[in-house]
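Comments concern the structure below.
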Number of protein chains: 2
Amino acid sequence: MLRENGTETVSSDALSRAAGVKSPQLRKDLAYFGNFGTRGLGYNVEMLSGRINQVLGTTRLQPVILIGVGNLGSALLHYGGFNKEGFEIAAAFDHEPDRVRSTPLSVPVYSMDKMPEFIKAQSVKLAILAVPASGAQQVVNQLTSSGIQAILNFAPVVLEVPEQVVVNNVDLAVELENLSYFIR
Amino acid sequence: MLRENGTETVSSDALSRAAGVKSPQLRKDLAYFGNFGTRGLGYNVEMLSGRINQVLGTTRLQPVILIGVGNLGSALLHYGGFNKEGFEIAAAFDHEPDRVRSTPLSVPVYSMDKMPEFIKAQSVKLAILAVPASGAQQVVNQLTSSGIQAILNFAPVVLEVPEQVVVNNVDLAVELENLSYFIR
DNA sequence: CTGTGTGAAGGCTTTCACAGCC
DNA sequence: GGCTGTGAAAGCCTTCACACAG
């Protein structure tokens, strides 16, 4: 936003408020990757943006696949947030790829047995898992043996994966439950 | 699951493996709420389940409202995970409540101006926010001034709320980005 | 002998405070 | 004078190790 605004420099204080953290936190985090700022002035927006892209962006413009096109899965397909952040859902896979879908999808949906070859052919490294809990581990086994390196898991189960594979769990019901604990 | 299986007791070790944490962690967490276990034996499944319900359940059987019935919002409406965990989406609100929707919804969708009175009439305490980032803060102001106590926020912005209101942020794109940092 | 409950130790992250540079 | 970069302090959470109970 600052870049589009043409803002030239920004302080850790302003940035940290926008991000919802304290300013020394933000400075420490940035400093971990190098000295991006100028003392007395702040951070040059253009330069900072470029450096952050070097750190995050190289790994970001990657094809991602989605497994499971049920309620949550199709929601994720329609959700624009991934594309906006530089991720492209290259394909989706489902046990019933022809299952009637409400809105036309802009992403091809293939049957599950096409998954391993697709991963290898496109060297896909990231997968979003939106299948029911009961089938999740089996799918994960296929994913990892096909070479997937990271999984964003929406199924409410603890996945067993080889050491080099990273899993990030998002359990929407748990997020809600966390909150409910604080209401009076 | 253990309860349905008729299993009588379970050790912190078994439970912790299922939950994906270490066993002393699990014991400490449970011990925070009381001495639920028996030394040398483990935890009585029936009793433990009851105690956990006392801690979480009382706040759980609560009406929840959803704001924003776009891609993500309608996805969340169709997603069964909330109901399964004891949350009921009582109503949804949108600027265009009559906007054509693919699948019929089992939840009434009202226009935004109905929101404050609904919250007060039903004394709703929990809201799920699935509106675009640009409109989020304005909606939050309405929510909090109507008496909402906790917000599950899917908009990628830092929300400003009164001190007594709790916010839990879920940014799906950020979750994916976190993962992408680890791929080689 | 098994497995919980827990003080103590350890490790990690955040916050502070300020030297150093523009 | 302003703001970064950073060592040191503080705080928090996890892990360890074992006393204790069944």
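Simple scheme: letters A, B, ... for chains in structure tokens order, numbers from 1 for residues in each chain, numbers from 1 for ligands in the order shown.
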Using only C-alpha atoms (C1' of nucleotides), find each residue in chain B having at least one atom no more than 6 Å away from chain C; report its shortest atom-to-atom pair and that distance in Å (one decimal), rows by chain then rising number, as a tab-separated table.
residue	atom	partner	partner_atom	distance
B:Arg39	CA	C:DT4	C1'	4.3
B:Gly40	CA	C:DG3	C1'	4.2
B:Leu41	CA	C:DG3	C1'	6.0
Write the residues you've just listed into a file as a PDB file, in the first residue's frame, and include N, CA and C atoms for each of them.
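The resulting part-v4.pdb:
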ATOM      1  N   ARG B  39      -2.884 -41.227  39.619  1.00  0.00           N
ATOM      2  CA  ARG B  39      -1.489 -41.653  39.471  1.00  0.00           C
ATOM      3  C   ARG B  39      -1.402 -43.165  39.305  1.00  0.00           C
ATOM      4  N   GLY B  40      -0.592 -43.566  38.396  1.00  0.00           N
ATOM      5  CA  GLY B  40      -0.416 -44.988  38.134  1.00  0.00           C
ATOM      6  C   GLY B  40      -1.436 -45.553  37.180  1.00  0.00           C
ATOM      7  N   LEU B  41      -2.503 -44.794  36.901  1.00  0.00           N
ATOM      8  CA  LEU B  41      -3.588 -45.328  36.087  1.00  0.00           C
ATOM      9  C   LEU B  41      -3.820 -44.512  34.810  1.00  0.00           C
TER      10      LEU B  41
END
Mind the document's chain letters and residue numbers, and return as an MDAnalysis selection string the residues of segment 5-134 of chain B that DSSP labels strand (DSSP E or B).
-> chainID B and resid 9:10 37:38 42:44 63:67 88:94 109:111 126:129
Keeping only C-alpha atoms, write the selected residues to a file as a short mmCIF file (atom, residue, chain, number, x, y, z; two decimals), in the first residue's frame.
data_model
loop_
_atom_site.label_atom_id
_atom_site.label_comp_id
_atom_site.auth_asym_id
_atom_site.auth_seq_id
_atom_site.Cartn_x
_atom_site.Cartn_y
_atom_site.Cartn_z
CA THR B 9 -8.82 -44.91 30.95
CA VAL B 10 -6.16 -43.19 28.88
CA GLY B 37 -6.03 -38.02 36.57
CA THR B 38 -5.15 -40.92 38.84
CA GLY B 42 -4.16 -42.36 33.82
CA TYR B 43 -7.30 -40.39 33.11
CA ASN B 44 -10.80 -41.81 33.30
CA PRO B 63 -25.28 -18.66 18.80
CA VAL B 64 -22.71 -17.29 16.35
CA ILE B 65 -23.31 -14.84 13.53
CA LEU B 66 -21.47 -14.58 10.26
CA ILE B 67 -20.82 -11.24 8.60
CA GLU B 88 -24.55 -22.89 15.60
CA ILE B 89 -24.49 -20.13 13.02
CA ALA B 90 -27.75 -18.41 13.93
CA ALA B 91 -27.78 -15.92 11.07
CA ALA B 92 -25.63 -14.34 8.40
CA PHE B 93 -25.48 -10.72 7.32
CA ASP B 94 -24.42 -9.17 4.03
CA VAL B 109 -29.15 -14.03 5.35
CA TYR B 110 -30.18 -10.55 6.45
CA SER B 111 -29.07 -7.13 5.33
CA LEU B 126 -19.48 -14.40 18.94
CA ALA B 127 -19.13 -13.16 15.37
CA ILE B 128 -17.28 -14.54 12.36
CA LEU B 129 -16.04 -11.77 10.10
#
Fewer than 3 positions away in the same chain doesn't count, so skip those; otherwise give me all residues within 8 Å of Leu105 of chain A, counting only C-alpha atoms (C1' of nucleotides), as a ChimeraX atom specification.
-> /A:77-78,108
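Atom pair atom CA of Val157 of chain B / atom CA of Asp171 of chain B: separated by 8.9 Å.
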Each residue of chain A lying at most 7 Å from chain B should get a row with its shortest atom-to-atom pair and the distance in Å to one decimal, counting only C-alpha atoms; could you produce that, ordered by chain and increasing number, as JSON lines?
{"residue": "A:Ala18", "atom": "CA", "partner": "B:Val158", "partner_atom": "CA", "distance": 6.8}
{"residue": "A:Ala19", "atom": "CA", "partner": "B:Val158", "partner_atom": "CA", "distance": 6.5}
{"residue": "A:Gly20", "atom": "CA", "partner": "B:Val158", "partner_atom": "CA", "distance": 6.0}
{"residue": "A:Leu56", "atom": "CA", "partner": "B:Tyr181", "partner_atom": "CA", "distance": 6.4}
{"residue": "A:Thr59", "atom": "CA", "partner": "B:Ser180", "partner_atom": "CA", "distance": 5.8}
{"residue": "A:Arg60", "atom": "CA", "partner": "B:Ser180", "partner_atom": "CA", "distance": 6.2}
{"residue": "A:Asn71", "atom": "CA", "partner": "B:Tyr79", "partner_atom": "CA", "distance": 5.5}
{"residue": "A:Leu72", "atom": "CA", "partner": "B:Tyr79", "partner_atom": "CA", "distance": 5.7}
{"residue": "A:Ala75", "atom": "CA", "partner": "B:Ala75", "partner_atom": "CA", "distance": 4.5}
{"residue": "A:His78", "atom": "CA", "partner": "B:Asn71", "partner_atom": "CA", "distance": 5.6}
{"residue": "A:Tyr79", "atom": "CA", "partner": "B:Asn71", "partner_atom": "CA", "distance": 5.5}
{"residue": "A:Gly81", "atom": "CA", "partner": "B:Ala173", "partner_atom": "CA", "distance": 6.0}
{"residue": "A:Phe82", "atom": "CA", "partner": "B:Ala173", "partner_atom": "CA", "distance": 5.2}
{"residue": "A:Glu85", "atom": "CA", "partner": "B:Ala173", "partner_atom": "CA", "distance": 6.5}
{"residue": "A:Ser102", "atom": "CA", "partner": "B:Ser102", "partner_atom": "CA", "distance": 4.8}
{"residue": "A:Thr103", "atom": "CA", "partner": "B:Ser102", "partner_atom": "CA", "distance": 6.0}
{"residue": "A:Gln149", "atom": "CA", "partner": "B:Ile183", "partner_atom": "CA", "distance": 6.1}
{"residue": "A:Ala150", "atom": "CA", "partner": "B:Leu179", "partner_atom": "CA", "distance": 6.2}
{"residue": "A:Leu152", "atom": "CA", "partner": "B:Leu176", "partner_atom": "CA", "distance": 6.5}
{"residue": "A:Val158", "atom": "CA", "partner": "B:Gly20", "partner_atom": "CA", "distance": 6.0}
{"residue": "A:Asn168", "atom": "CA", "partner": "B:Leu179", "partner_atom": "CA", "distance": 6.7}
{"residue": "A:Ala173", "atom": "CA", "partner": "B:Phe82", "partner_atom": "CA", "distance": 5.2}
{"residue": "A:Leu176", "atom": "CA", "partner": "B:Leu152", "partner_atom": "CA", "distance": 6.5}
{"residue": "A:Glu177", "atom": "CA", "partner": "B:Arg60", "partner_atom": "CA", "distance": 7.0}
{"residue": "A:Leu179", "atom": "CA", "partner": "B:Ala150", "partner_atom": "CA", "distance": 6.2}
{"residue": "A:Ser180", "atom": "CA", "partner": "B:Thr59", "partner_atom": "CA", "distance": 5.8}
{"residue": "A:Tyr181", "atom": "CA", "partner": "B:Thr59", "partner_atom": "CA", "distance": 6.3}
{"residue": "A:Ile183", "atom": "CA", "partner": "B:Gln149", "partner_atom": "CA", "distance": 6.1}
Given only C-alpha atoms (C1' of nucleotides), how would the per-residue table for chain D near chain B read, listing every residue at most 10 Å away with its closest atom pair and distance in Å to one decimal, sorted by chain and number, as JSON lines?
{"residue": "D:DC13", "atom": "C1'", "partner": "B:Gln25", "partner_atom": "CA", "distance": 9.6}
{"residue": "D:DT14", "atom": "C1'", "partner": "B:Gln25", "partner_atom": "CA", "distance": 7.0}
{"residue": "D:DT15", "atom": "C1'", "partner": "B:Pro24", "partner_atom": "CA", "distance": 7.5}
{"residue": "D:DC16", "atom": "C1'", "partner": "B:Pro24", "partner_atom": "CA", "distance": 8.9}
{"residue": "D:DC20", "atom": "C1'", "partner": "B:Arg39", "partner_atom": "CA", "distance": 8.4}
{"residue": "D:DA21", "atom": "C1'", "partner": "B:Arg39", "partner_atom": "CA", "distance": 5.5}
{"residue": "D:DG22", "atom": "C1'", "partner": "B:Gly40", "partner_atom": "CA", "distance": 5.8}
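Atom pair atom C1' of DT6 of chain D / atom CA of Gly34 of chain A has a distance of 12.6 Å (rounded to one decimal).
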A straight line from atom CA of Val131 of chain A to atom CA of Phe154 of chain A spans 7.6 Å
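Running DSSP on the backbone gives helix (DSSP H, G or I) for these residues within segment 93-132 of chain B: Met112, Asp113, Lys114, Met115, Pro116, Glu117, Phe118, Ile119, Lys120, Ala121 and Gln122 of chain B.
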Store the residues picked out above in a file with N, CA and C atoms, as a short mmCIF file (atom, residue, chain, number, x, y, z; two decimals), in the first residue's frame.
data_model
loop_
_atom_site.label_atom_id
_atom_site.label_comp_id
_atom_site.auth_asym_id
_atom_site.auth_seq_id
_atom_site.Cartn_x
_atom_site.Cartn_y
_atom_site.Cartn_z
N MET B 112 -27.29 -5.87 6.30
CA MET B 112 -26.41 -5.41 7.38
C MET B 112 -27.13 -4.58 8.44
N ASP B 113 -28.12 -3.81 8.02
CA ASP B 113 -28.75 -2.91 9.00
C ASP B 113 -29.58 -3.65 10.04
N LYS B 114 -29.83 -4.93 9.79
CA LYS B 114 -30.57 -5.74 10.78
C LYS B 114 -29.65 -6.27 11.88
N MET B 115 -28.35 -6.10 11.66
CA MET B 115 -27.37 -6.75 12.53
C MET B 115 -27.44 -6.31 13.99
N PRO B 116 -27.38 -5.00 14.25
CA PRO B 116 -27.34 -4.59 15.66
C PRO B 116 -28.52 -5.10 16.48
N GLU B 117 -29.73 -4.99 15.92
CA GLU B 117 -30.87 -5.45 16.70
C GLU B 117 -30.85 -6.95 16.92
N PHE B 118 -30.38 -7.69 15.91
CA PHE B 118 -30.30 -9.15 16.05
C PHE B 118 -29.35 -9.52 17.19
N ILE B 119 -28.19 -8.88 17.18
CA ILE B 119 -27.19 -9.17 18.23
C ILE B 119 -27.79 -8.92 19.60
N LYS B 120 -28.46 -7.81 19.74
CA LYS B 120 -29.03 -7.48 21.05
C LYS B 120 -30.17 -8.42 21.41
N ALA B 121 -31.08 -8.66 20.44
CA ALA B 121 -32.25 -9.50 20.73
C ALA B 121 -31.83 -10.92 21.13
N GLN B 122 -30.85 -11.48 20.43
CA GLN B 122 -30.44 -12.86 20.71
C GLN B 122 -29.24 -12.91 21.66
#
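All residues of protein, DNA or RNA that reach within 12 Å of Glu4 of chain B, judged by only C-alpha atoms (C1' of nucleotides) and not counting those fewer than 2 positions away in the chain, are Met1, Leu2, Gly6, Thr7, Glu8, Val45, Glu46 and Ser49 of chain B.
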Contact residues around Asn35 of chain A with only C-alpha atoms (C1' of nucleotides) at 8 Å, ignoring same-chain residues under 3 positions, as a PyMOL selection string = (chain A and resi 30-31) or (chain D and resi 5)
